[in-house]
file model-v7.cif (mmCIF, C-alpha atoms, pLDDT in the B column; chains and numbers go by the auth columns)
data_final
loop_
_atom_site.group_PDB
_atom_site.id
_atom_site.type_symbol
_atom_site.label_atom_id
_atom_site.label_comp_id
_atom_site.label_asym_id
_atom_site.label_seq_id
_atom_site.Cartn_x
_atom_site.Cartn_y
_atom_site.Cartn_z
_atom_site.B_iso_or_equiv
_atom_site.auth_seq_id
_atom_site.auth_asym_id
ATOM 1 C CA MET A 1 -10.739 0.729 11.745 93.00 1 A
ATOM 2 C CA GLN A 2 -14.459 -0.059 11.547 93.00 2 A
ATOM 3 C CA ASN A 3 -16.785 -0.260 8.545 90.00 3 A
ATOM 4 C CA ASP A 4 -18.809 2.790 9.674 93.00 4 A
ATOM 5 C CA ARG A 5 -15.837 5.240 9.351 94.00 5 A
ATOM 6 C CA THR A 6 -15.029 4.809 13.037 96.00 6 A
ATOM 7 C CA ILE A 7 -11.458 4.598 14.332 95.00 7 A
ATOM 8 C CA GLU A 8 -11.020 2.986 17.736 95.00 8 A
ATOM 9 C CA LEU A 9 -7.910 3.449 19.875 93.00 9 A
ATOM 10 C CA HIS A 10 -7.120 0.781 22.445 93.00 10 A
ATOM 11 C CA THR A 11 -4.640 0.474 25.301 90.00 11 A
ATOM 12 C CA GLN A 12 -3.492 -2.686 27.038 91.00 12 A
ATOM 13 C CA GLY A 13 -6.505 -2.361 29.281 91.00 13 A
ATOM 14 C CA GLY A 14 -8.938 -2.203 26.371 93.00 14 A
ATOM 15 C CA PHE A 15 -10.964 0.495 24.631 93.00 15 A
ATOM 16 C CA HIS A 16 -9.621 4.050 25.081 92.00 16 A
ATOM 17 C CA TYR A 17 -11.127 6.468 22.539 92.00 17 A
ATOM 18 C CA ARG A 18 -13.238 6.539 19.386 95.00 18 A
ATOM 19 C CA THR A 19 -13.197 9.020 16.507 95.00 19 A
ATOM 20 C CA ARG A 20 -14.302 9.102 12.865 95.00 20 A
ATOM 21 C CA ILE A 21 -12.836 9.906 9.476 96.00 21 A
ATOM 22 C CA PRO A 22 -14.812 11.643 6.688 95.00 22 A
ATOM 23 C CA ARG A 23 -14.817 8.697 4.260 95.00 23 A
ATOM 24 C CA PHE A 24 -14.927 4.924 4.549 95.00 24 A
ATOM 25 C CA GLY A 25 -11.476 3.645 5.478 95.00 25 A
ATOM 26 C CA ARG A 26 -9.487 1.016 3.600 96.00 26 A
ATOM 27 C CA SER A 27 -6.081 0.738 5.272 96.00 27 A
ATOM 28 C CA LEU A 28 -4.027 2.142 8.133 96.00 28 A
ATOM 29 C CA ALA A 29 -0.380 2.406 9.118 97.00 29 A
ATOM 30 C CA TYR A 30 1.581 3.948 11.975 96.00 30 A
ATOM 31 C CA HIS A 31 4.625 6.190 11.478 96.00 31 A
ATOM 32 C CA PHE A 32 6.738 5.885 14.632 94.00 32 A
ATOM 33 C CA PRO A 33 9.057 8.924 14.206 93.00 33 A
ATOM 34 C CA SER A 34 6.159 11.415 13.997 94.00 34 A
ATOM 35 C CA CYS A 35 3.510 9.514 16.015 95.00 35 A
ATOM 36 C CA ASP A 36 1.188 9.888 13.015 96.00 36 A
ATOM 37 C CA ALA A 37 -1.416 7.262 12.176 96.00 37 A
ATOM 38 C CA TYR A 38 -2.288 7.251 8.469 97.00 38 A
ATOM 39 C CA PHE A 39 -5.743 6.216 7.267 97.00 39 A
ATOM 40 C CA SER A 40 -6.444 5.657 3.593 97.00 40 A
ATOM 41 C CA ALA A 41 -10.006 5.759 2.317 96.00 41 A
ATOM 42 C CA ALA A 42 -12.237 6.324 -0.688 94.00 42 A
ATOM 43 C CA GLY A 43 -11.137 9.420 -2.567 92.00 43 A
ATOM 44 C CA LYS A 44 -7.669 10.916 -2.903 94.00 44 A
ATOM 45 C CA GLU A 45 -7.096 12.045 0.687 96.00 45 A
ATOM 46 C CA VAL A 46 -5.023 10.176 3.281 97.00 46 A
ATOM 47 C CA TYR A 47 -5.944 11.248 6.808 97.00 47 A
ATOM 48 C CA ARG A 48 -3.351 11.838 9.542 97.00 48 A
ATOM 49 C CA LEU A 49 -4.076 11.479 13.242 96.00 49 A
ATOM 50 C CA ASN A 50 -1.225 12.581 15.501 96.00 50 A
ATOM 51 C CA LEU A 51 -1.399 10.381 18.588 94.00 51 A
ATOM 52 C CA GLU A 52 0.971 12.581 20.607 94.00 52 A
ATOM 53 C CA GLN A 53 -1.129 15.739 20.142 95.00 53 A
ATOM 54 C CA GLY A 54 -4.443 13.869 20.000 92.00 54 A
ATOM 55 C CA ARG A 55 -5.748 15.653 16.916 94.00 55 A
ATOM 56 C CA PHE A 56 -6.053 15.304 13.164 96.00 56 A
ATOM 57 C CA MET A 57 -3.420 17.048 11.068 96.00 57 A
ATOM 58 C CA ASN A 58 -3.785 18.268 7.489 95.00 58 A
ATOM 59 C CA PRO A 59 -4.436 15.260 5.236 96.00 59 A
ATOM 60 C CA LEU A 60 -2.190 14.242 2.377 96.00 60 A
ATOM 61 C CA ILE A 61 -3.917 14.934 -0.943 95.00 61 A
ATOM 62 C CA LEU A 62 -2.665 12.645 -3.685 94.00 62 A
ATOM 63 C CA GLN A 63 -2.140 14.093 -7.142 88.00 63 A
ATOM 64 C CA GLU A 64 -3.932 12.654 -10.176 84.00 64 A
ATOM 65 C CA HIS A 65 -1.713 14.093 -12.972 76.00 65 A
ATOM 66 C CA ASP A 66 -2.447 12.350 -16.314 80.00 66 A
ATOM 67 C CA ASP A 67 -2.934 8.858 -14.890 76.00 67 A
ATOM 68 C CA GLY A 68 -6.680 9.161 -14.400 83.00 68 A
ATOM 69 C CA GLU A 69 -9.048 9.632 -11.500 88.00 69 A
ATOM 70 C CA ILE A 70 -8.118 8.353 -8.050 92.00 70 A
ATOM 71 C CA LEU A 71 -11.101 6.361 -6.800 93.00 71 A
ATOM 72 C CA GLY A 72 -9.465 5.602 -3.472 95.00 72 A
ATOM 73 C CA VAL A 73 -6.279 4.552 -1.708 96.00 73 A
ATOM 74 C CA ASN A 74 -6.330 0.803 -1.114 97.00 74 A
ATOM 75 C CA ILE A 75 -3.191 0.324 0.951 97.00 75 A
ATOM 76 C CA VAL A 76 -0.575 2.276 2.923 97.00 76 A
ATOM 77 C CA ASP A 77 2.963 0.962 3.429 97.00 77 A
ATOM 78 C CA ILE A 78 5.780 2.574 5.424 97.00 78 A
ATOM 79 C CA ASN A 79 9.302 1.462 4.575 95.00 79 A
ATOM 80 C CA PRO A 80 11.078 0.317 7.768 91.00 80 A
ATOM 81 C CA VAL A 81 14.468 1.659 6.618 93.00 81 A
ATOM 82 C CA HIS A 82 13.922 5.181 5.245 93.00 82 A
ATOM 83 C CA GLN A 83 10.252 5.665 6.243 94.00 83 A
ATOM 84 C CA LEU A 84 9.080 6.391 2.686 96.00 84 A
ATOM 85 C CA LEU A 85 5.295 6.238 2.391 97.00 85 A
ATOM 86 C CA ALA A 86 3.820 4.122 -0.415 97.00 86 A
ATOM 87 C CA PHE A 87 0.165 4.351 -1.431 97.00 87 A
ATOM 88 C CA GLY A 88 -1.603 1.794 -3.621 96.00 88 A
ATOM 89 C CA ILE A 89 -4.120 3.628 -5.817 95.00 89 A
ATOM 90 C CA ASP A 90 -7.523 2.315 -6.818 94.00 90 A
ATOM 91 C CA GLY A 91 -8.497 2.799 -10.440 86.00 91 A
ATOM 92 C CA ASN A 92 -5.555 4.254 -12.365 89.00 92 A
ATOM 93 C CA GLY A 93 -2.840 1.586 -12.080 90.00 93 A
ATOM 94 C CA THR A 94 -0.291 3.545 -10.055 94.00 94 A
ATOM 95 C CA ALA A 95 1.432 3.640 -6.703 96.00 95 A
ATOM 96 C CA GLN A 96 2.552 6.957 -5.245 96.00 96 A
ATOM 97 C CA PHE A 97 5.522 7.498 -2.948 96.00 97 A
ATOM 98 C CA TRP A 98 5.644 10.349 -0.440 96.00 98 A
ATOM 99 C CA ASP A 99 8.263 11.727 1.923 95.00 99 A
ATOM 100 C CA PRO A 100 6.689 12.093 5.408 93.00 100 A
ATOM 101 C CA ARG A 101 9.137 14.857 6.354 91.00 101 A
ATOM 102 C CA SER A 102 8.026 17.233 3.583 91.00 102 A
ATOM 103 C CA ARG A 103 4.566 15.667 3.173 91.00 103 A
ATOM 104 C CA SER A 104 4.947 15.770 -0.602 93.00 104 A
ATOM 105 C CA GLY A 105 5.074 13.271 -3.421 92.00 105 A
ATOM 106 C CA VAL A 106 8.494 12.098 -4.571 94.00 106 A
ATOM 107 C CA GLY A 107 7.506 9.676 -7.321 92.00 107 A
ATOM 108 C CA THR A 108 4.809 7.700 -9.092 93.00 108 A
ATOM 109 C CA LEU A 109 5.141 4.092 -10.183 94.00 109 A
ATOM 110 C CA ARG A 110 2.986 3.121 -13.177 93.00 110 A
ATOM 111 C CA LEU A 111 2.078 -0.532 -13.611 94.00 111 A
ATOM 112 C CA PRO A 112 2.771 -2.126 -17.029 92.00 112 A
ATOM 113 C CA ARG A 113 -0.870 -2.323 -18.099 89.00 113 A
ATOM 114 C CA SER A 114 -0.123 -4.182 -21.336 88.00 114 A
ATOM 115 C CA ARG A 115 1.402 -7.083 -19.375 89.00 115 A
ATOM 116 C CA LEU A 116 -1.392 -7.326 -16.816 90.00 116 A
ATOM 117 C CA VAL A 117 -4.682 -6.566 -18.587 84.00 117 A
ATOM 118 C CA PRO A 118 -5.911 -8.889 -21.382 77.00 118 A
ATOM 119 C CA ILE A 119 -6.129 -7.570 -24.927 71.00 119 A
ATOM 120 C CA GLY A 120 -9.564 -6.071 -25.481 67.00 120 A
ATOM 121 C CA ALA A 121 -9.907 -4.974 -21.855 65.00 121 A
ATOM 122 C CA GLN A 122 -7.348 -2.185 -21.873 60.00 122 A
ATOM 123 C CA GLU A 123 -9.897 0.382 -20.689 63.00 123 A
ATOM 124 C CA SER A 124 -10.768 -1.569 -17.541 71.00 124 A
ATOM 125 C CA ALA A 125 -9.636 -0.298 -14.155 83.00 125 A
ATOM 126 C CA LEU A 126 -6.264 -1.431 -12.826 91.00 126 A
ATOM 127 C CA SER A 127 -5.549 -1.022 -9.122 94.00 127 A
ATOM 128 C CA VAL A 128 -2.743 -1.631 -6.642 96.00 128 A
ATOM 129 C CA THR A 129 -4.349 -3.679 -3.863 97.00 129 A
ATOM 130 C CA ALA A 130 -1.327 -4.675 -1.725 97.00 130 A
ATOM 131 C CA ILE A 131 2.172 -3.319 -1.047 97.00 131 A
ATOM 132 C CA ALA A 132 5.059 -4.681 1.015 96.00 132 A
ATOM 133 C CA SER A 133 8.474 -3.059 1.357 95.00 133 A
ATOM 134 C CA ARG A 134 11.505 -5.197 2.180 92.00 134 A
ATOM 135 C CA VAL A 135 13.926 -4.545 5.015 90.00 135 A
ATOM 136 C CA ASP A 136 16.714 -3.837 2.508 89.00 136 A
ATOM 137 C CA GLY A 137 15.033 -0.476 1.841 91.00 137 A
ATOM 138 C CA LEU A 138 15.115 -0.981 -1.933 92.00 138 A
ATOM 139 C CA SER A 139 12.679 -3.761 -2.800 94.00 139 A
ATOM 140 C CA TYR A 140 8.885 -3.507 -3.088 96.00 140 A
ATOM 141 C CA ALA A 141 6.226 -6.111 -3.809 97.00 141 A
ATOM 142 C CA LEU A 142 2.971 -4.833 -5.339 97.00 142 A
ATOM 143 C CA GLY A 143 -0.223 -6.859 -5.661 97.00 143 A
ATOM 144 C CA THR A 144 -2.802 -5.885 -8.269 97.00 144 A
ATOM 145 C CA SER A 145 -6.520 -6.198 -8.949 95.00 145 A
ATOM 146 C CA THR A 146 -5.717 -8.542 -11.852 93.00 146 A
ATOM 147 C CA GLY A 147 -4.152 -11.192 -9.613 95.00 147 A
ATOM 148 C CA HIS A 148 -0.501 -10.380 -10.310 96.00 148 A
ATOM 149 C CA THR A 149 2.367 -9.672 -7.942 97.00 149 A
ATOM 150 C CA LEU A 150 5.154 -7.436 -9.231 97.00 150 A
ATOM 151 C CA LEU A 151 8.575 -7.064 -7.620 97.00 151 A
ATOM 152 C CA TYR A 152 10.414 -3.766 -8.011 96.00 152 A
ATOM 153 C CA ASP A 153 13.758 -2.272 -7.189 94.00 153 A
ATOM 154 C CA ILE A 154 12.941 1.284 -6.120 91.00 154 A
ATOM 155 C CA ARG A 155 15.662 2.580 -8.435 91.00 155 A
ATOM 156 C CA ALA A 156 13.991 1.184 -11.576 92.00 156 A
ATOM 157 C CA ALA A 157 10.639 1.853 -13.263 91.00 157 A
ATOM 158 C CA ASN A 158 10.152 -1.704 -14.527 94.00 158 A
ATOM 159 C CA PRO A 159 9.521 -4.813 -12.383 95.00 159 A
ATOM 160 C CA PHE A 160 12.255 -7.441 -12.156 94.00 160 A
ATOM 161 C CA ALA A 161 9.711 -10.211 -11.555 94.00 161 A
ATOM 162 C CA VAL A 162 5.992 -10.733 -12.270 95.00 162 A
ATOM 163 C CA LYS A 163 3.971 -13.573 -10.742 95.00 163 A
ATOM 164 C CA ASP A 164 0.453 -14.471 -11.916 94.00 164 A
ATOM 165 C CA GLN A 165 -1.623 -15.922 -9.084 94.00 165 A
ATOM 166 C CA GLY A 166 -3.669 -17.744 -11.704 92.00 166 A
ATOM 167 C CA TYR A 167 -7.254 -16.957 -10.717 93.00 167 A
ATOM 168 C CA GLY A 168 -7.728 -13.321 -11.770 91.00 168 A
ATOM 169 C CA LEU A 169 -8.716 -12.308 -8.225 94.00 169 A
ATOM 170 C CA HIS A 170 -7.251 -9.233 -6.612 95.00 170 A
ATOM 171 C CA ILE A 171 -4.246 -9.775 -4.348 97.00 171 A
ATOM 172 C CA LYS A 172 -5.162 -9.275 -0.709 97.00 172 A
ATOM 173 C CA THR A 173 -1.681 -9.374 0.802 96.00 173 A
ATOM 174 C CA VAL A 174 1.967 -9.718 -0.168 97.00 174 A
ATOM 175 C CA SER A 175 4.994 -10.125 2.077 94.00 175 A
ATOM 176 C CA TRP A 176 8.697 -10.890 1.945 93.00 176 A
ATOM 177 C CA ILE A 177 9.707 -13.984 3.888 89.00 177 A
ATOM 178 C CA GLU A 178 12.637 -12.948 6.064 81.00 178 A
ATOM 179 C CA GLY A 179 14.608 -15.001 8.568 69.00 179 A
ATOM 180 C CA GLY A 180 15.479 -18.650 8.450 60.00 180 A
ATOM 181 C CA SER A 181 18.510 -19.917 6.619 55.00 181 A
ATOM 182 C CA ARG A 182 17.536 -21.152 3.168 56.00 182 A
ATOM 183 C CA MET A 183 14.213 -19.399 2.530 50.00 183 A
ATOM 184 C CA ALA A 184 15.422 -15.884 3.276 50.00 184 A
ATOM 185 C CA GLY A 185 18.578 -16.391 1.282 53.00 185 A
ATOM 186 C CA ASP A 186 16.625 -17.570 -1.743 60.00 186 A
ATOM 187 C CA GLY A 187 14.319 -14.545 -1.739 73.00 187 A
ATOM 188 C CA MET A 188 10.937 -16.136 -1.068 88.00 188 A
ATOM 189 C CA VAL A 189 7.747 -14.091 -1.453 93.00 189 A
ATOM 190 C CA LEU A 190 4.216 -14.795 -0.192 95.00 190 A
ATOM 191 C CA SER A 191 1.155 -13.642 -2.135 97.00 191 A
ATOM 192 C CA ALA A 192 -2.477 -14.362 -1.360 97.00 192 A
ATOM 193 C CA ASP A 193 -5.883 -13.767 -2.915 96.00 193 A
ATOM 194 C CA ARG A 194 -9.217 -14.958 -1.517 95.00 194 A
ATOM 195 C CA LYS A 195 -8.724 -18.433 -3.008 95.00 195 A
ATOM 196 C CA VAL A 196 -5.094 -19.443 -2.503 96.00 196 A
ATOM 197 C CA ILE A 197 -1.814 -18.539 -0.795 96.00 197 A
ATOM 198 C CA LYS A 198 1.375 -19.019 -2.782 95.00 198 A
ATOM 199 C CA ILE A 199 4.997 -18.976 -1.619 92.00 199 A
ATOM 200 C CA TRP A 200 7.431 -18.593 -4.477 92.00 200 A
ATOM 201 C CA ASP A 201 11.047 -17.821 -5.304 88.00 201 A
ATOM 202 C CA ARG A 202 11.516 -14.376 -6.807 86.00 202 A
ATOM 203 C CA ASN A 203 14.576 -15.628 -8.753 82.00 203 A
ATOM 204 C CA THR A 204 12.753 -18.401 -10.628 80.00 204 A
ATOM 205 C CA VAL A 205 9.438 -16.783 -11.648 74.00 205 A
#
call {"tool": "encode", "arguments": {"input": "model-v7.cif", "output": "structure tokens"}}
result
Amino acid sequence: MQNDRTIELHTQGGFHYRTRIPRFGRSLAYHFPSCDAYFSAAGKEVYRLNLEQGRFMNPLILQEHDDGEILGVNIVDINPVHQLLAFGIDGNGTAQFWDPRSRSGVGTLRLPRSRLVPIGAQESALSVTAIASRVDGLSYALGTSTGHTLLYDIRAANPFAVKDQGYGLHIKTVSWIEGGSRMAGDGMVLSADRKVIKIWDRNTV
């Protein structure tokens, strides 16, 4: 994904094909069962390029409801267990979950604004800037524009852990540390902004 709306496809031998999307891209993900590549961008549309057919399919159009305007989709995550699509929304403090089989929304997760935004700044924008799903199929880590990382069980609306990165900078990436004997068993999480990378225990936040 290039900064001029260009998408480049490469093979092992190098450059293969170039195409463009209508808006400036922000994130991409590949859905193996359908051969669809998903491209999030400014606005509320998520573009789908089917690599088997070699053509764009109808985009996913995210719903705004009462949460406010969708300025863009910052991040796309595909759960490795049940393939649920998760979209981190820019501007209204939500993440939307979609079923790729029906291409429809199945739920919206609303961030606890009162815990993340300082008093007196409640009207400021709150965005989901990073998402990582765990291989257990139930756990999600969400990074925010306020420098927090929230851990969720998909069956609950409230986070079971909240970590403040400490600098107020938006979270660029989050990931679950899997493998290894002690670290995986203790539930370690990695979160990073532009200033620092932190590795922390989800059970002792």
call {"tool": "residues_near_point", "arguments": {"input": "model-v7.cif", "point": "(-16.0, 1.3, 11.0)", "cutoff": "10 Å", "atoms": "only C-alpha atoms", "output": "list in words"}}
result
Met1, Gln2, Asn3, Asp4, Arg5, Thr6, Ile7, Glu8, Thr19, Arg20, Ile21, Phe24, Gly25 and Arg26 of chain A
call {"tool": "write_last_selection", "arguments": {"input": "model-v7.cif", "atoms": "C-alpha atoms", "output": "mmCIF file, in the coordinates of the input"}}
result
data_model
loop_
_atom_site.group_PDB
_atom_site.id
_atom_site.type_symbol
_atom_site.label_atom_id
_atom_site.label_comp_id
_atom_site.auth_asym_id
_atom_site.auth_seq_id
_atom_site.Cartn_x
_atom_site.Cartn_y
_atom_site.Cartn_z
ATOM 1 C CA MET A 1 -10.739 0.729 11.745
ATOM 2 C CA GLN A 2 -14.459 -0.059 11.547
ATOM 3 C CA ASN A 3 -16.785 -0.260 8.545
ATOM 4 C CA ASP A 4 -18.809 2.790 9.674
ATOM 5 C CA ARG A 5 -15.837 5.240 9.351
ATOM 6 C CA THR A 6 -15.029 4.809 13.037
ATOM 7 C CA ILE A 7 -11.458 4.598 14.332
ATOM 8 C CA GLU A 8 -11.020 2.986 17.736
ATOM 9 C CA THR A 19 -13.197 9.020 16.507
ATOM 10 C CA ARG A 20 -14.302 9.102 12.865
ATOM 11 C CA ILE A 21 -12.836 9.906 9.476
ATOM 12 C CA PHE A 24 -14.927 4.924 4.549
ATOM 13 C CA GLY A 25 -11.476 3.645 5.478
ATOM 14 C CA ARG A 26 -9.487 1.016 3.600
#
call {"tool": "residues_around", "arguments": {"input": "model-v7.cif", "residues": "Pro118 of chain A", "least_positions_apart": "6", "cutoff": "12 Å", "atoms": "all atoms listed in the file", "output": "list in words"}}
result
Pro112, Ser124, Ala125, Leu126, Thr146 and Gly168 of chain A
call {"tool": "resolve_selection", "arguments": {"input": "model-v7.cif", "expression": "the PyMOL selection byres ((chain A and resi 70) around 9)", "output": "PyMOL selection string"}}
result
chain A and resi 42-44+62-64+67-69+71-73+89-92
call {"tool": "resolve_selection", "arguments": {"input": "model-v7.cif", "expression": "the PyMOL selection byres ((chain A and resi 173-176) around 8)", "output": "PyMOL selection string"}}
result
chain A and resi 129-134+141-143+149+171-172+177-178+187-193
call {"tool": "closest_residue", "arguments": {"input": "model-v7.cif", "among": "A:Tyr152, A:Gly147, A:Gly137, A:Tyr38", "to": "Val196 of chain A", "atoms": "all atoms listed in the file"}}
result
A:Gly147
call {"tool": "closest_residue", "arguments": {"input": "model-v7.cif", "among": "A:Gly88, A:Asn79, A:Gly93, A:Arg113", "to": "Ser139 of chain A", "atoms": "all atoms listed in the file"}}
result
A:Asn79
call {"tool": "residues_around", "arguments": {"input": "model-v7.cif", "residues": "Ser34 of chain A", "least_positions_apart": "6", "cutoff": "9 Å", "atoms": "only C-alpha atoms", "output": "VMD selection string"}}
result
chain A and resid 50 to 52 100 to 101
call {"tool": "residues_near_point", "arguments": {"input": "model-v7.cif", "point": "(9.0, -4.4, -15.6)", "cutoff": "10 Å", "atoms": "all atoms listed in the file", "output": "PyMOL selection string"}}
result
chain A and resi 110-112+115+150-153+156-162
call {"tool": "resolve_selection", "arguments": {"input": "model-v7.cif", "expression": "the PyMOL selection byres ((chain A and resi 97) around 6)", "output": "PyMOL selection string"}}
result
chain A and resi 85-86+96+98+105-107
call {"tool": "write_last_selection", "arguments": {"input": "model-v7.cif", "atoms": "C-alpha atoms", "output": "CSV table (one decimal), keeping the file's coordinate frame"}}
result
chain,number,residue,atom,x,y,z
A,85,LEU,CA,5.3,6.2,2.4
A,86,ALA,CA,3.8,4.1,-0.4
A,96,GLN,CA,2.6,7.0,-5.2
A,98,TRP,CA,5.6,10.3,-0.4
A,105,GLY,CA,5.1,13.3,-3.4
A,106,VAL,CA,8.5,12.1,-4.6
A,107,GLY,CA,7.5,9.7,-7.3
call {"tool": "atom_distance", "arguments": {"input": "model-v7.cif", "atom1": "atom CA of Val135 of chain A", "atom2": "atom CA of Val81 of chain A"}}
result
6.4 Å
call {"tool": "closest_residue", "arguments": {"input": "model-v7.cif", "among": "A:Pro80, A:Ile61, A:Ser27, A:Gly166", "to": "Leu116 of chain A", "atoms": "only C-alpha atoms"}}
result
A:Gly166
call {"tool": "atom_distance", "arguments": {"input": "model-v7.cif", "atom1": "atom CA of Arg48 of chain A", "atom2": "atom CA of Ser127 of chain A"}}
result
22.8 Å
call {"tool": "closest_residue", "arguments": {"input": "model-v7.cif", "among": "A:Phe87, A:Phe32, A:Tyr47, A:Phe39", "to": "Val128 of chain A", "atoms": "only C-alpha atoms"}}
result
A:Phe87
call {"tool": "closest_residue", "arguments": {"input": "model-v7.cif", "among": "A:Leu84, A:Val117, A:Leu138, A:Leu60", "to": "Arg103 of chain A", "atoms": "all atoms listed in the file"}}
result
A:Leu60
call {"tool": "closest_residue", "arguments": {"input": "model-v7.cif", "among": "A:Ala29, A:Ala37, A:Ile119, A:Met57", "to": "Ile75 of chain A", "atoms": "only C-alpha atoms"}}
result
A:Ala29
call {"tool": "atom_distance", "arguments": {"input": "model-v7.cif", "atom1": "atom CA of Gln165 of chain A", "atom2": "atom CA of Leu109 of chain A"}}
result
21.2 Å
